[in-house]
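Listing of coords_6.cif; format and content: mmCIF, C-alpha atoms.
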data_entry
#
loop_
_atom_site.label_atom_id
_atom_site.label_comp_id
_atom_site.auth_asym_id
_atom_site.auth_seq_id
_atom_site.Cartn_x
_atom_site.Cartn_y
_atom_site.Cartn_z
CA MET A 1 -16.37 -32.24 -23.74
CA PRO A 2 -13.10 -32.55 -21.77
CA VAL A 3 -13.18 -34.49 -18.51
CA PHE A 4 -11.04 -33.46 -15.54
CA ALA A 5 -10.08 -35.58 -12.55
CA ARG A 6 -11.86 -35.02 -9.26
CA GLY A 7 -10.56 -31.83 -7.62
CA GLN A 8 -8.88 -30.71 -10.82
CA ALA A 9 -10.07 -27.42 -12.28
CA PRO A 10 -9.79 -26.49 -15.94
CA PRO A 11 -6.46 -24.84 -16.76
CA GLY A 12 -7.99 -21.44 -17.39
CA GLU A 13 -9.81 -21.56 -14.07
CA ASP A 14 -6.63 -22.49 -12.16
CA GLU A 15 -4.78 -19.67 -13.85
CA GLY A 16 -7.55 -17.20 -13.01
CA VAL A 17 -7.56 -18.24 -9.35
CA THR A 18 -3.77 -17.89 -9.20
CA ARG A 19 -3.93 -14.41 -10.66
CA ARG A 20 -6.71 -13.30 -8.31
CA THR A 21 -4.78 -14.70 -5.35
CA ALA A 22 -1.59 -12.90 -6.42
CA ARG A 23 -3.54 -9.68 -6.95
CA LEU A 24 -4.90 -9.89 -3.39
CA ALA A 25 -1.75 -11.18 -1.68
CA LEU A 26 0.39 -8.09 -2.18
CA PRO A 27 -2.12 -5.55 -0.79
CA VAL A 28 -2.86 -7.81 2.20
CA ALA A 29 0.86 -8.23 2.87
CA PHE A 30 1.40 -4.46 2.56
CA LEU A 31 -1.52 -3.83 4.92
CA ALA A 32 0.08 -6.14 7.51
CA LEU A 33 3.42 -4.36 7.13
CA THR A 34 1.98 -0.85 7.52
CA PHE A 35 -0.21 -2.04 10.41
CA SER A 36 2.93 -3.24 12.16
CA SER A 37 4.81 -0.01 11.49
CA GLY A 38 1.99 2.15 12.84
CA ALA A 39 1.50 0.09 15.98
CA THR A 40 5.24 -0.11 16.62
CA MET A 41 5.77 3.65 16.34
CA LEU A 42 2.83 4.35 18.64
CA ALA A 43 4.17 1.96 21.28
CA VAL A 44 7.70 3.36 20.98
CA MET A 45 6.60 7.01 21.10
CA VAL A 46 4.34 6.50 24.11
CA THR A 47 7.04 4.58 25.99
CA VAL A 48 9.75 7.10 25.14
CA ALA A 49 7.53 10.10 25.91
CA SER A 50 6.74 8.65 29.33
CA GLY A 51 10.41 8.50 30.33
CA ARG A 52 12.54 11.09 32.09
CA SER A 53 14.49 11.99 28.95
CA ALA A 54 11.47 12.61 26.74
CA GLY A 55 12.74 16.06 25.70
CA TRP A 56 15.56 14.62 23.61
CA ALA A 57 14.41 11.01 23.22
CA VAL A 58 11.22 11.79 21.29
CA PRO A 59 12.90 13.76 18.46
CA VAL A 60 15.71 11.17 18.35
CA ALA A 61 13.15 8.39 17.92
CA VAL A 62 11.43 10.33 15.12
CA LEU A 63 14.75 10.87 13.34
CA CYS A 64 15.70 7.21 13.79
CA ALA A 65 12.47 6.21 12.05
CA SER A 66 13.21 8.24 8.91
CA VAL A 67 16.90 9.10 8.47
CA PRO A 68 18.20 5.51 7.97
CA GLN A 69 15.67 4.95 5.19
CA ILE A 70 16.57 8.20 3.46
CA VAL A 71 20.29 7.45 3.60
CA LEU A 72 20.27 3.73 2.86
CA ALA A 73 17.47 3.40 0.28
CA PRO A 74 19.42 4.85 -2.67
CA LEU A 75 22.63 3.06 -1.64
CA ALA A 76 20.93 -0.33 -1.31
CA ALA A 77 18.62 0.09 -4.32
CA PRO A 78 20.73 -2.13 -6.63
CA LEU A 79 19.60 -5.08 -4.49
CA LEU A 80 16.20 -4.77 -6.16
CA ASP A 81 17.60 -5.98 -9.46
CA ARG A 82 20.51 -8.02 -8.10
CA VAL A 83 18.46 -10.32 -5.83
CA GLY A 84 14.92 -9.23 -6.78
CA PRO A 85 12.16 -7.41 -4.85
CA ARG A 86 10.62 -10.64 -3.59
CA ARG A 87 13.78 -11.74 -1.76
CA VAL A 88 14.33 -8.19 -0.49
CA VAL A 89 10.91 -8.18 1.20
CA ILE A 90 11.31 -11.70 2.62
CA ALA A 91 14.72 -10.88 4.12
CA SER A 92 13.48 -7.53 5.42
CA THR A 93 10.42 -8.98 7.14
CA ALA A 94 12.48 -11.75 8.75
CA ALA A 95 14.90 -9.18 10.17
CA GLN A 96 12.05 -6.91 11.32
CA ALA A 97 10.32 -9.80 13.11
CA ALA A 98 13.54 -10.57 15.00
CA LEU A 99 13.92 -6.89 15.97
CA LEU A 100 10.32 -6.68 17.17
CA LEU A 101 10.74 -9.78 19.33
CA THR A 102 13.84 -8.13 20.82
CA ALA A 103 11.76 -5.04 21.62
CA ALA A 104 9.10 -7.27 23.22
CA ALA A 105 11.73 -8.90 25.45
CA PHE A 106 13.45 -5.63 26.41
CA PRO A 107 10.91 -2.75 26.18
CA ILE A 108 13.25 -0.06 27.56
CA MET A 109 14.06 3.27 25.92
CA PRO A 110 17.61 2.61 24.59
CA VAL A 111 16.58 -0.74 23.12
CA LEU A 112 13.42 0.68 21.56
CA ILE A 113 15.25 3.56 19.91
CA GLY A 114 17.86 1.12 18.59
CA VAL A 115 15.12 -1.17 17.27
CA VAL A 116 13.42 1.76 15.51
CA ALA A 117 16.70 2.74 13.81
CA ALA A 118 17.54 -0.84 12.81
CA LYS A 119 13.99 -1.50 11.60
CA SER A 120 14.09 1.66 9.51
CA ALA A 121 17.38 0.55 7.97
CA VAL A 122 16.36 -3.01 7.05
CA SER A 123 13.00 -1.84 5.67
CA ALA A 124 14.51 0.93 3.52
CA LEU A 125 13.59 -0.84 0.27
CA ASP A 126 10.22 -2.28 1.31
CA GLY A 127 8.09 0.40 -0.35
CA ALA A 128 9.96 0.30 -3.66
CA ALA A 129 10.03 -3.51 -3.58
CA PHE A 130 6.26 -3.75 -3.13
CA MET A 131 5.64 -1.25 -5.92
CA LEU A 132 7.97 -3.16 -8.22
CA LEU A 133 6.26 -6.46 -7.38
CA ALA A 134 2.85 -4.92 -8.03
CA GLU A 135 3.95 -3.36 -11.32
CA ARG A 136 5.48 -6.63 -12.54
CA ALA A 137 2.40 -8.59 -11.50
CA SER A 138 0.18 -6.20 -13.46
CA ARG A 139 2.33 -6.68 -16.59
CA ALA A 140 2.30 -10.45 -16.18
CA GLU A 141 -1.47 -10.52 -15.85
CA GLY A 142 -2.10 -8.35 -18.89
CA SER A 143 -5.66 -7.40 -17.92
CA ASP A 144 -4.40 -5.30 -14.98
CA THR A 145 -2.55 -1.96 -15.05
CA ALA A 146 0.25 -0.52 -12.91
CA ALA A 147 -2.04 2.33 -11.85
CA ARG A 148 -4.65 -0.07 -10.46
CA ALA A 149 -1.96 -2.19 -8.78
CA PHE A 150 -0.49 0.91 -7.11
CA ALA A 151 -3.98 2.05 -6.08
CA ARG A 152 -4.57 -1.25 -4.25
CA LEU A 153 -1.27 -0.84 -2.41
CA ASP A 154 -2.15 2.74 -1.46
CA THR A 155 -5.54 1.67 -0.13
CA ALA A 156 -3.93 -1.11 1.90
CA ARG A 157 -1.30 1.27 3.27
CA LEU A 158 -3.89 3.82 4.36
CA ILE A 159 -6.05 1.19 6.06
CA GLY A 160 -3.00 -0.30 7.79
CA SER A 161 -1.79 3.10 8.96
CA LEU A 162 -5.25 3.74 10.48
CA LEU A 163 -5.66 0.34 12.14
CA GLY A 164 -2.09 0.04 13.43
CA PRO A 165 -2.00 2.96 15.89
CA ALA A 166 -5.63 2.41 16.95
CA LEU A 167 -5.31 -1.30 17.74
CA GLY A 168 -1.78 -0.82 19.05
CA GLY A 169 -3.07 1.72 21.55
CA VAL A 170 -5.84 -0.63 22.69
CA VAL A 171 -3.43 -3.56 23.13
CA MET A 172 -0.90 -1.39 24.96
CA HIS A 173 -3.59 -0.10 27.32
CA LEU A 174 -5.13 -3.49 28.06
CA ILE A 175 -2.25 -5.98 28.20
CA GLY A 176 1.03 -4.09 27.89
CA VAL A 177 3.61 -2.76 25.44
CA SER A 178 5.45 -6.06 24.93
CA TRP A 179 2.32 -7.61 23.45
CA VAL A 180 2.16 -4.82 20.85
CA PHE A 181 5.62 -5.78 19.60
CA MET A 182 4.79 -9.49 19.60
CA ILE A 183 1.61 -8.92 17.58
CA ASP A 184 3.60 -6.70 15.22
CA ALA A 185 6.19 -9.46 14.79
CA VAL A 186 3.40 -11.87 13.82
CA ALA A 187 2.00 -9.33 11.33
CA VAL A 188 5.42 -8.77 9.75
CA GLY A 189 6.01 -12.53 9.57
CA ALA A 190 2.64 -12.99 7.88
CA CYS A 191 3.65 -10.31 5.35
CA GLY A 192 6.84 -12.19 4.51
CA ILE A 193 4.97 -15.49 4.14
CA ALA A 194 2.38 -13.89 1.83
CA VAL A 195 5.12 -12.45 -0.39
CA PHE A 196 6.94 -15.79 -0.38
CA PHE A 197 3.92 -17.43 -2.03
CA THR A 198 3.44 -14.77 -4.69
CA PRO A 199 4.41 -15.77 -8.25
CA ARG A 200 8.09 -15.21 -8.88
CA GLY A 201 7.93 -13.84 -12.42
CA ASP A 202 10.96 -13.40 -14.64
CA PHE A 203 11.69 -9.99 -16.09
CA GLY A 204 15.44 -10.32 -16.41
CA THR A 205 18.18 -8.07 -15.12
CA SER A 206 20.83 -6.00 -16.79
CA THR A 207 24.52 -6.72 -16.62
CA ALA A 208 25.60 -3.10 -17.21
CA PRO A 209 26.84 -1.04 -15.52
CA THR A 210 28.98 -3.46 -13.57
CA THR A 211 29.98 -1.73 -10.33
CA TRP A 212 27.70 -1.14 -7.38
CA TRP A 213 28.34 2.61 -7.31
CA GLN A 214 27.45 2.89 -11.00
CA ARG A 215 24.18 1.11 -10.28
CA VAL A 216 23.48 3.48 -7.38
CA ARG A 217 24.03 6.52 -9.62
CA GLU A 218 22.36 5.25 -12.78
CA ALA A 219 18.69 5.70 -11.83
CA PRO A 220 19.02 9.23 -10.34
CA ALA A 221 21.10 10.28 -13.35
CA LEU A 222 18.47 9.11 -15.86
CA LEU A 223 15.60 10.61 -13.88
CA PHE A 224 17.18 14.04 -13.65
CA GLN A 225 18.38 14.01 -17.27
CA ASN A 226 14.80 13.54 -18.45
CA PRO A 227 12.98 16.92 -18.53
CA THR A 228 9.61 15.41 -17.59
CA THR A 229 10.83 13.51 -14.54
CA ARG A 230 13.19 16.32 -13.53
CA VAL A 231 10.37 18.87 -13.41
CA ALA A 232 8.00 16.39 -11.76
CA LEU A 233 10.40 15.33 -8.99
CA ALA A 234 11.74 18.83 -8.33
CA GLY A 235 8.26 20.32 -8.27
CA LEU A 236 6.74 17.62 -6.09
CA SER A 237 9.59 17.58 -3.57
CA THR A 238 9.39 21.38 -3.21
CA ALA A 239 5.63 21.14 -2.76
CA ILE A 240 6.12 18.46 -0.09
CA VAL A 241 8.21 20.92 1.94
CA PHE A 242 5.22 23.27 2.06
CA THR A 243 2.56 20.61 2.58
CA SER A 244 4.57 19.19 5.50
CA PHE A 245 3.66 22.40 7.37
CA TYR A 246 0.07 21.17 7.35
CA ALA A 247 0.90 18.05 9.36
CA VAL A 248 2.35 20.17 12.16
CA ALA A 249 -0.23 22.96 12.05
CA GLU A 250 -3.34 20.77 11.82
CA VAL A 251 -3.64 19.85 15.49
CA LEU A 252 -2.99 23.42 16.67
CA TYR A 253 -5.45 24.79 14.12
CA ALA A 254 -8.16 22.38 15.30
CA LEU A 255 -7.62 22.96 19.03
CA ASP A 256 -6.68 26.66 19.15
CA VAL A 257 -8.33 28.28 16.13
CA LEU A 258 -11.47 26.15 15.76
CA GLU A 259 -11.55 25.36 19.51
CA LEU A 260 -12.48 21.73 18.94
CA ASP A 261 -12.19 19.07 21.63
CA PRO A 262 -9.93 16.01 21.05
CA LEU A 263 -12.82 14.05 19.55
CA GLY A 264 -13.55 16.89 17.14
CA TYR A 265 -9.90 17.00 16.14
CA GLY A 266 -9.95 13.25 15.53
CA VAL A 267 -12.97 13.57 13.24
CA LEU A 268 -11.42 16.52 11.40
CA SER A 269 -8.16 14.67 10.84
CA LEU A 270 -10.11 11.83 9.22
CA CYS A 271 -11.19 14.18 6.41
CA PHE A 272 -7.70 14.11 4.90
CA VAL A 273 -7.56 10.31 5.22
CA ILE A 274 -10.98 9.90 3.60
CA GLY A 275 -9.82 12.11 0.75
CA ARG A 276 -6.71 9.92 0.37
CA LEU A 277 -8.80 6.75 0.29
CA VAL A 278 -11.14 8.15 -2.37
CA GLY A 279 -8.17 9.47 -4.32
CA ALA A 280 -6.38 6.12 -4.12
CA GLN A 281 -9.30 4.46 -5.87
CA ALA A 282 -9.46 7.19 -8.49
CA GLY A 283 -5.69 6.88 -8.96
CA GLY A 284 -6.25 3.48 -10.54
CA ARG A 285 -7.63 5.25 -13.62
CA VAL A 286 -4.59 7.47 -14.18
CA THR A 287 -2.68 6.76 -17.40
CA VAL A 288 1.03 7.26 -18.07
CA GLN A 289 0.22 9.84 -20.75
CA ALA A 290 -2.00 11.93 -18.45
CA ALA A 291 0.21 11.59 -15.35
CA PRO A 292 2.39 14.73 -15.85
CA ARG A 293 -0.64 16.98 -16.33
CA LEU A 294 -2.51 15.39 -13.43
CA LEU A 295 0.50 15.80 -11.13
CA LEU A 296 0.64 19.54 -11.79
CA ALA A 297 -3.14 19.94 -11.50
CA ALA A 298 -3.25 17.94 -8.26
CA THR A 299 -0.44 20.05 -6.77
CA CYS A 300 -2.40 23.21 -7.50
CA VAL A 301 -5.62 21.71 -6.13
CA MET A 302 -3.86 20.58 -2.96
CA GLY A 303 -2.56 24.11 -2.45
CA MET A 304 -6.08 25.49 -2.75
CA GLY A 305 -7.37 22.84 -0.34
CA LEU A 306 -4.85 23.89 2.32
CA LEU A 307 -5.37 27.60 1.63
CA LEU A 308 -9.14 27.41 2.17
CA PRO A 309 -9.16 26.72 5.96
CA GLY A 310 -6.25 29.13 6.45
CA VAL A 311 -8.37 31.98 5.07
CA TRP A 312 -11.83 30.84 6.23
CA HIS A 313 -11.73 29.67 9.84
CA SER A 314 -14.62 27.24 10.10
CA VAL A 315 -15.11 23.53 10.61
CA ILE A 316 -16.84 23.22 7.23
CA ALA A 317 -13.99 24.93 5.40
CA ALA A 318 -11.41 22.87 7.26
CA GLY A 319 -13.16 19.57 6.61
CA ALA A 320 -13.71 20.35 2.93
CA GLY A 321 -10.20 21.74 2.47
CA PHE A 322 -8.47 18.81 4.15
CA ALA A 323 -10.57 16.29 2.18
CA ILE A 324 -9.70 18.07 -1.08
CA ALA A 325 -6.02 18.10 -0.07
CA GLY A 326 -6.15 14.37 0.67
CA LEU A 327 -7.79 13.61 -2.67
CA ALA A 328 -5.19 15.71 -4.49
CA ASN A 329 -2.35 14.11 -2.54
CA ALA A 330 -3.46 10.63 -3.58
CA THR A 331 -3.53 11.78 -7.20
CA GLN A 332 0.00 13.17 -6.83
CA VAL A 333 1.21 9.83 -5.50
CA ALA A 334 -0.42 7.90 -8.35
CA ALA A 335 0.89 10.28 -11.01
CA ILE A 336 4.51 10.51 -9.88
CA ARG A 337 4.90 6.73 -9.78
CA LEU A 338 3.63 6.37 -13.33
CA ILE A 339 5.87 9.21 -14.51
CA VAL A 340 8.91 7.52 -12.97
CA ILE A 341 8.27 3.99 -14.26
CA GLY A 342 7.37 5.35 -17.69
CA ALA A 343 10.66 7.24 -18.02
CA VAL A 344 13.19 4.45 -17.43
CA PRO A 345 13.93 0.96 -18.80
CA ASP A 346 12.28 -2.02 -17.10
CA ASP A 347 15.32 -3.10 -15.10
CA LEU A 348 15.75 0.42 -13.65
CA ARG A 349 12.22 0.75 -12.31
CA GLY A 350 12.97 -0.58 -8.84
CA ARG A 351 15.96 1.71 -8.35
CA SER A 352 14.02 4.65 -9.79
CA LEU A 353 11.10 4.10 -7.41
CA SER A 354 13.58 3.96 -4.54
CA THR A 355 15.14 7.24 -5.70
CA MET A 356 11.72 8.85 -5.89
CA ALA A 357 10.86 7.72 -2.36
CA SER A 358 14.16 9.02 -0.96
CA VAL A 359 13.71 12.42 -2.59
CA ASN A 360 10.16 12.74 -1.25
CA GLN A 361 11.09 11.54 2.26
CA THR A 362 13.95 14.01 2.42
CA ALA A 363 11.60 16.84 1.45
CA GLY A 364 9.14 15.72 4.13
CA VAL A 365 11.80 15.72 6.85
CA LEU A 366 13.03 19.17 5.81
CA GLY A 367 9.48 20.54 5.77
CA THR A 368 8.65 19.09 9.18
CA ALA A 369 11.85 20.54 10.63
CA ALA A 370 11.06 23.98 9.20
CA ALA A 371 7.43 23.86 10.35
CA ALA A 372 8.13 24.54 14.04
CA PRO A 373 9.51 28.09 13.59
CA VAL A 374 6.91 28.81 10.92
CA VAL A 375 4.04 27.85 13.23
CA ALA A 376 5.62 29.82 16.06
CA GLY A 377 5.89 32.91 13.86
CA LEU A 378 2.69 32.78 11.81
CA GLY A 379 0.35 30.75 14.00
CA PRO A 380 -1.52 27.67 12.77
CA ALA A 381 -3.87 29.53 10.42
CA GLY A 382 -1.06 31.58 8.91
CA THR A 383 0.96 28.38 8.46
CA LEU A 384 -1.90 26.82 6.48
CA VAL A 385 -2.02 29.93 4.30
CA LEU A 386 1.72 29.67 3.64
CA ALA A 387 1.45 25.91 3.01
CA GLY A 388 -1.40 26.36 0.56
CA ALA A 389 0.02 29.39 -1.23
CA GLY A 390 3.49 27.82 -1.47
CA THR A 391 2.12 24.55 -2.85
CA LEU A 392 -0.06 26.40 -5.37
CA LEU A 393 2.88 28.53 -6.49
CA VAL A 394 5.04 25.43 -6.94
CA GLY A 395 2.35 23.83 -9.12
CA VAL A 396 2.03 26.93 -11.32
CA THR A 397 5.81 27.32 -11.61
CA ALA A 398 6.31 23.63 -12.48
CA ALA A 399 3.62 23.93 -15.15
CA ALA A 400 5.47 26.88 -16.68
CA PHE A 401 8.75 24.93 -16.72
CA ARG A 402 7.04 21.87 -18.20
CA SER A 403 5.58 23.92 -21.04
CA ARG A 404 9.13 24.89 -22.06
CA SER A 405 10.41 21.30 -22.04
CA ALA A 406 9.35 18.83 -24.69
CA PRO A 407 8.23 15.50 -23.19
CA ARG A 408 10.79 12.72 -23.58
CA PRO A 409 10.01 9.00 -23.96
CA VAL A 410 11.65 6.20 -22.05
CA SER A 411 15.30 7.10 -21.57
CA ALA A 412 17.96 5.09 -23.28
CA ARG A 413 20.53 3.71 -20.87
CA ARG A 414 23.42 6.08 -20.34
CA GLY A 415 26.13 5.81 -17.78
CA PRO A 416 26.07 8.55 -15.14
CA SER A 417 28.53 11.30 -15.88
#
Translate this file's structure into structure tokens.
Amino acid sequence: MPVFARGQAPPGEDEGVTRRTARLALPVAFLALTFSSGATMLAVMVTVASGRSAGWAVPVAVLCASVPQIVLAPLAAPLLDRVGPRRVVIASTAAQAALLLTAAAFPIMPVLIGVVAAKSAVSALDGAAFMLLAERASRAEGSDTAARAFARLDTARLIGSLLGPALGGVVMHLIGVSWVFMIDAVAVGACGIAVFFTPRGDFGTSTAPTTWWQRVREAPALLFQNPTTRVALAGLSTAIVFTSFYAVAEVLYALDVLELDPLGYGVLSLCFVIGRLVGAQAGGRVTVQAAPRLLLAATCVMGMGLLLPGVWHSVIAAGAGFAIAGLANATQVAAIRLIVIGAVPDDLRGRSLSTMASVNQTAGVLGTAAAAPVVAGLGPAGTLVLAGAGTLLVGVTAAAFRSRSAPRPVSARRGPS
């Protein structure tokens, strides 16, 4: 029987502890990052909305939180394989902590809007970097899968996005806005430290193509040359335009159509989040082979979930419909990631995930911008009908296109034309 020195665990036990720690570190770090983002945006929006120039400052702040990421993510994506996702996250969190401390020292509207824009820019690759780290960790472990790794990140993100605004609002009310930014800086710093201590891994990088612009173009070119990913990305991004109407119409539907009080609206809005949380756990069981079919099915189900409260104006229908939509949305998220990483070579996965995120974010911004005139013209209930019917139609249409295209395996590397 082998004897180990005091305090020394058997090799297999040490390895198991290391793997369990790595498996937990990434979701905890992602939770801290999303907590910080939620609390920061709440503090910025409340401060900006309380100023004299709220009419233009609020939409500018919203645009500053999204546009830099949309523009810079695909351009900076080659950093994911040039320096690695781990270093990208560490550098990003260090820069974000410095920006948050600046906001804490100077919590005035011009500085806060500038901090939001700069923070959006430096964090443009965070989501793709975390997904790439999780996917690589699952491959290194062997007993884990990318779907389960992504599901843990989704669960962490949802919890962080719930806790961030709630605790940020409490801190802002009790001790002031500067403390929100200081706490956020600590959370972001903790995220960077957690990622720093995750196993490095070595999956290699490609030397071709050689120029930065070729690397920027390579992932989008491969994704849109592949019939499966082309249909999936085009269909999902179009569906996102319609489902973005829901985010704008929900509050008006709850207050004006259902005549709920603010507490009732808060409870109703949780139905979608609960559906997302349940769906995130179920998303861990999705396989690469089933992902294209599940994406189309989930898109259709989400359309029906949004259509239900638009047609039947009741709290029960709204709660059930929003929960179904949340469950379907989580399945969409799980499926599209697996479709993307299954369609490209290993060293293109980071850039491909970044491309996917940029396409989806752009669709979300366009849908949110179009939602205002739609709600004004159709009312909140009519907007939900349009959102549901449009999403359902997109799912059916994408299914018809997919049936005409033979699935294609992992794409061979080809230079963008």
Range 116-123 of chain A surroundings by all atoms listed in the file, 12 Å radius, close-in-sequence under 6 positions cut, as a compact mmCIF listing (two decimals) with C-alpha atoms, keeping the file's coordinate frame:
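That gives us result24.txt:
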# COMPACT_ATOMS: atom_id res chain seq x y z
CA LEU A 33 3.42 -4.36 7.13
CA THR A 34 1.98 -0.85 7.52
CA SER A 36 2.93 -3.24 12.16
CA SER A 37 4.81 -0.01 11.49
CA GLY A 38 1.99 2.15 12.84
CA THR A 40 5.24 -0.11 16.62
CA MET A 41 5.77 3.65 16.34
CA LEU A 42 2.83 4.35 18.64
CA ALA A 43 4.17 1.96 21.28
CA VAL A 44 7.70 3.36 20.98
CA MET A 45 6.60 7.01 21.10
CA VAL A 48 9.75 7.10 25.14
CA VAL A 58 11.22 11.79 21.29
CA VAL A 60 15.71 11.17 18.35
CA ALA A 61 13.15 8.39 17.92
CA VAL A 62 11.43 10.33 15.12
CA LEU A 63 14.75 10.87 13.34
CA CYS A 64 15.70 7.21 13.79
CA ALA A 65 12.47 6.21 12.05
CA SER A 66 13.21 8.24 8.91
CA VAL A 67 16.90 9.10 8.47
CA PRO A 68 18.20 5.51 7.97
CA GLN A 69 15.67 4.95 5.19
CA ILE A 70 16.57 8.20 3.46
CA VAL A 71 20.29 7.45 3.60
CA LEU A 72 20.27 3.73 2.86
CA ALA A 73 17.47 3.40 0.28
CA PRO A 74 19.42 4.85 -2.67
CA LEU A 75 22.63 3.06 -1.64
CA ALA A 76 20.93 -0.33 -1.31
CA ALA A 77 18.62 0.09 -4.32
CA PRO A 85 12.16 -7.41 -4.85
CA VAL A 88 14.33 -8.19 -0.49
CA VAL A 89 10.91 -8.18 1.20
CA ILE A 90 11.31 -11.70 2.62
CA ALA A 91 14.72 -10.88 4.12
CA SER A 92 13.48 -7.53 5.42
CA THR A 93 10.42 -8.98 7.14
CA ALA A 94 12.48 -11.75 8.75
CA ALA A 95 14.90 -9.18 10.17
CA GLN A 96 12.05 -6.91 11.32
CA ALA A 97 10.32 -9.80 13.11
CA ALA A 98 13.54 -10.57 15.00
CA LEU A 99 13.92 -6.89 15.97
CA LEU A 100 10.32 -6.68 17.17
CA LEU A 101 10.74 -9.78 19.33
CA THR A 102 13.84 -8.13 20.82
CA ALA A 103 11.76 -5.04 21.62
CA PRO A 107 10.91 -2.75 26.18
CA MET A 109 14.06 3.27 25.92
CA PRO A 110 17.61 2.61 24.59
CA ALA A 129 10.03 -3.51 -3.58
CA PHE A 130 6.26 -3.75 -3.13
CA PHE A 181 5.62 -5.78 19.60
CA ALA A 185 6.19 -9.46 14.79
CA VAL A 188 5.42 -8.77 9.75
CA SER A 354 13.58 3.96 -4.54
In Å, with one decimal, what is the gap from CA of Met304 in chain A to CA of Leu393 in chain A? 10.2 Å
Residue with smallest distance to Gly189 in chain A - pool A:Phe272, A:Tyr265, A:Phe106, A:Phe30, counting all atoms listed in the file: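 Among the listed residues, the smallest separation from Gly189 in chain A belongs to A:Phe30.
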Choose the residue, out of A:Ile193, A:Trp212, A:Asn329, A:Pro309, that has the smallest atom-to-atom separation from Thr243 in chain A; count only C-alpha atoms.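 Checking each of A:Ile193, A:Trp212, A:Asn329, A:Pro309 against Thr243 in chain A, counting only C-alpha atoms, the winner is A:Asn329.
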Atomic separation - CA of Pro78 in chain A relative to CA of Val216 in chain A, Å: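 A separation of 6.3 Å between them.
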Under the PyMOL selection byres ((chain A and resi 300) around 12), which residues of this model are included? Write them out as a VMD selection string. chain A and resid 235 to 236 239 243 293 to 299 301 to 307 324 to 325 328 to 329 331 to 332 387 to 399
With C-alpha atoms kept, could you save the residues just selected as an mmCIF file, keeping the file's coordinate frame?
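Final output, result30.cif:
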data_model
loop_
_atom_site.group_PDB
_atom_site.id
_atom_site.type_symbol
_atom_site.label_atom_id
_atom_site.label_comp_id
_atom_site.auth_asym_id
_atom_site.auth_seq_id
_atom_site.Cartn_x
_atom_site.Cartn_y
_atom_site.Cartn_z
ATOM 1 C CA GLY A 235 8.260 20.320 -8.270
ATOM 2 C CA LEU A 236 6.740 17.620 -6.090
ATOM 3 C CA ALA A 239 5.630 21.140 -2.760
ATOM 4 C CA THR A 243 2.560 20.610 2.580
ATOM 5 C CA ARG A 293 -0.640 16.980 -16.330
ATOM 6 C CA LEU A 294 -2.510 15.390 -13.430
ATOM 7 C CA LEU A 295 0.500 15.800 -11.130
ATOM 8 C CA LEU A 296 0.640 19.540 -11.790
ATOM 9 C CA ALA A 297 -3.140 19.940 -11.500
ATOM 10 C CA ALA A 298 -3.250 17.940 -8.260
ATOM 11 C CA THR A 299 -0.440 20.050 -6.770
ATOM 12 C CA VAL A 301 -5.620 21.710 -6.130
ATOM 13 C CA MET A 302 -3.860 20.580 -2.960
ATOM 14 C CA GLY A 303 -2.560 24.110 -2.450
ATOM 15 C CA MET A 304 -6.080 25.490 -2.750
ATOM 16 C CA GLY A 305 -7.370 22.840 -0.340
ATOM 17 C CA LEU A 306 -4.850 23.890 2.320
ATOM 18 C CA LEU A 307 -5.370 27.600 1.630
ATOM 19 C CA ILE A 324 -9.700 18.070 -1.080
ATOM 20 C CA ALA A 325 -6.020 18.100 -0.070
ATOM 21 C CA ALA A 328 -5.190 15.710 -4.490
ATOM 22 C CA ASN A 329 -2.350 14.110 -2.540
ATOM 23 C CA THR A 331 -3.530 11.780 -7.200
ATOM 24 C CA GLN A 332 0.000 13.170 -6.830
ATOM 25 C CA ALA A 387 1.450 25.910 3.010
ATOM 26 C CA GLY A 388 -1.400 26.360 0.560
ATOM 27 C CA ALA A 389 0.020 29.390 -1.230
ATOM 28 C CA GLY A 390 3.490 27.820 -1.470
ATOM 29 C CA THR A 391 2.120 24.550 -2.850
ATOM 30 C CA LEU A 392 -0.060 26.400 -5.370
ATOM 31 C CA LEU A 393 2.880 28.530 -6.490
ATOM 32 C CA VAL A 394 5.040 25.430 -6.940
ATOM 33 C CA GLY A 395 2.350 23.830 -9.120
ATOM 34 C CA VAL A 396 2.030 26.930 -11.320
ATOM 35 C CA THR A 397 5.810 27.320 -11.610
ATOM 36 C CA ALA A 398 6.310 23.630 -12.480
ATOM 37 C CA ALA A 399 3.620 23.930 -15.150
#
CA of Leu353 in chain A to CA of Ala128 in chain A: how many Å, to one decimal?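 Between CA of Leu353 in chain A and CA of Ala128 in chain A the gap is 5.5 Å.
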List as a short mmCIF file (atom, residue, chain, number, x, y, z; two decimals) with C-alpha atoms, in the coordinates of the input the residues having at least one atom at most 6 Å from position (-1.2, 1.7, 12.5) as given in the file, counting all atoms listed in the file.
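File produced: out.cif:
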data_model
loop_
_atom_site.label_atom_id
_atom_site.label_comp_id
_atom_site.auth_asym_id
_atom_site.auth_seq_id
_atom_site.Cartn_x
_atom_site.Cartn_y
_atom_site.Cartn_z
CA PHE A 35 -0.21 -2.04 10.41
CA GLY A 38 1.99 2.15 12.84
CA ALA A 39 1.50 0.09 15.98
CA GLY A 160 -3.00 -0.30 7.79
CA SER A 161 -1.79 3.10 8.96
CA LEU A 162 -5.25 3.74 10.48
CA LEU A 163 -5.66 0.34 12.14
CA GLY A 164 -2.09 0.04 13.43
CA PRO A 165 -2.00 2.96 15.89
#
When the PyMOL selection byres ((chain A and resi 152) around 12) is applied to the file above, which residues end up in the set, as a ChimeraX atom specification? /A:23-31,130-131,134-135,138,144-151,153-159,277-285,330,334
